[in-house]
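Each remark here refers to the structure printed beneath this line.
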Amino acid sequence: MTRAFLALVARDLRLAARVGGSGALGLVFFLMIVTIVPFALGPDLNLLARIGPAVLWLSAVLATLIGLDRLFQADEEDGSLDLLRQSPLPLELVVLAKAVAHWLTTGLPLALASPLFGLLVALTPPGMAAMVATLLVGTPALTFIGATGAALTSGIRRGGLILAILVVPLMVPTLIFGVSAANAALGGTVPFATPFLILAALSLAAAVIGTAGAAAALRWGE
């Protein structure tokens, strides 16, 4: 099962690299939002630094949605999902493998690129380090929440809008605690560890609930 799991992760990574994937588009979208905000707010560096974590986290949430509707839909259209359902690998592990591959091509690049984008919103070095930490811990929650919505809409053509309506409200707690942790690192009244640990707990809970929920949705769609 371990070999099959790793093979499925590698397959999705190869497909993402071959067709361009959502990772590059997510980074471009991330860059567009972070670039536009300073032009809209003006040259007030104090204001930019104060809202910088919120801008970066909101950009990450929206960038995660790019390509999420194709997480299972492409396999549904070409018949690969039927083969995966009939394989000895449990459907939960199939969902977990595809979610891990999606995070590696979307969430991880966003987290690693956040210090560079943090320069555009006047973040200090501690703020950049906090953004990397919170995005590394929090973006898995976004991926697993999105995986459940992607499984529910896998049989719907052009279900991207429905997917966004389903999953964005569920991503709000992750957004709140991600921004709170980043702001706490910049000298807030709340210790950094408190919202950071809650953010980690949200990702762990989303990994379990999202994997089980997406697998159940795929079984229901057979």
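FYI, nothing fancy with the structure tokens labels: chains A, B, ... in order, residues from 1 per chain, ligands from 1 as they appear.
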
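Near Leu161 (chain A), within a cut-off of 10 Å and counting only C-alpha atoms, sit the residues A:Leu65, A:Asp69, A:Thr153, A:Leu166, with same-chain residues fewer than 5 positions away left out.
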
With the cut-off set at 10 Å and counting only C-alpha atoms, tabulate each residue of region 138-182 of chain A with an atom at most that distance from an atom of region 98-101 of chain A, showing the nearest atom pair and its distance in Å to one decimal, ordered by chain and increasing number, as JSON lines.
{"residue": "A:Pro140", "atom": "CA", "partner": "A:Val100", "partner_atom": "CA", "distance": 8.2}
{"residue": "A:Thr143", "atom": "CA", "partner": "A:Ala99", "partner_atom": "CA", "distance": 6.4}
{"residue": "A:Phe144", "atom": "CA", "partner": "A:Ala99", "partner_atom": "CA", "distance": 6.4}
{"residue": "A:Ile145", "atom": "CA", "partner": "A:Ala99", "partner_atom": "CA", "distance": 9.7}
{"residue": "A:Gly146", "atom": "CA", "partner": "A:Ala99", "partner_atom": "CA", "distance": 8.9}
{"residue": "A:Ala147", "atom": "CA", "partner": "A:Ala99", "partner_atom": "CA", "distance": 6.6}
{"residue": "A:Thr148", "atom": "CA", "partner": "A:Ala99", "partner_atom": "CA", "distance": 9.9}

Pick from A:Val137, A:Val95, A:Leu142, A:Pro125, whichever lies nearest to Ala212 (chain A) using only C-alpha atoms: A:Val95

I want to know what sits within 8 Å of region 72-80 of chain A, based on only C-alpha atoms, with residues of the same chain fewer than 5 positions away left out; could you give that as a list of chain:residue names? A:Ala150, A:Ala151, A:Thr153, A:Ser154, A:Gly155

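Neighbours of region 185-202 of chain A closer than or equal to 6 Å, with only C-alpha atoms counted and sequence neighbours fewer than 3 positions away skipped, come out as A:Gly127, A:Val137, A:Gly138, A:Phe177, A:Ala181, A:Ala182, A:Ala205, A:Ala206.
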
Near Ala63 (chain A), within 9 Å and counting only C-alpha atoms, which residues show up once chain neighbours fewer than 4 positions away are dropped, as a ChimeraX atom specification? /A:22-23,25-30,58-59,67,106-107,110

Could you write out that same residue set with C-alpha atoms as a short mmCIF file (atom, residue, chain, number, x, y, z; two decimals), in the first residue's frame?
data_model
loop_
_atom_site.label_atom_id
_atom_site.label_comp_id
_atom_site.auth_asym_id
_atom_site.auth_seq_id
_atom_site.Cartn_x
_atom_site.Cartn_y
_atom_site.Cartn_z
CA SER A 22 -2.21 24.98 -10.52
CA GLY A 23 1.04 25.75 -8.69
CA LEU A 25 -1.03 29.82 -11.68
CA GLY A 26 -1.43 30.06 -7.91
CA LEU A 27 1.90 31.86 -7.55
CA VAL A 28 1.01 34.27 -10.35
CA PHE A 29 -2.40 34.94 -8.78
CA PHE A 30 -0.74 35.38 -5.37
CA LEU A 58 -6.31 36.00 1.82
CA SER A 59 -4.23 35.66 -1.34
CA GLY A 67 -7.28 24.15 -10.12
CA THR A 106 0.22 24.70 -4.48
CA GLY A 107 0.45 25.26 -0.73
CA LEU A 110 3.01 29.72 -1.68
#

Sorted per-residue table, region 91-147 of chain A near region 35-45 of chain A, closest atoms and distance, 8 Å, only C-alpha atoms, as a Markdown table:
| residue | atom | partner | partner_atom | distance |
| --- | --- | --- | --- | --- |
| A:Leu120 | CA | A:Thr35 | CA | 6.7 |
| A:Val121 | CA | A:Pro38 | CA | 6.8 |
| A:Ala122 | CA | A:Leu45 | CA | 6.0 |

Distance criterion (only C-alpha atoms): nearest to Leu68 (chain A) out of A:Pro169, A:Gly149, A:Pro88, A:Pro126: A:Gly149
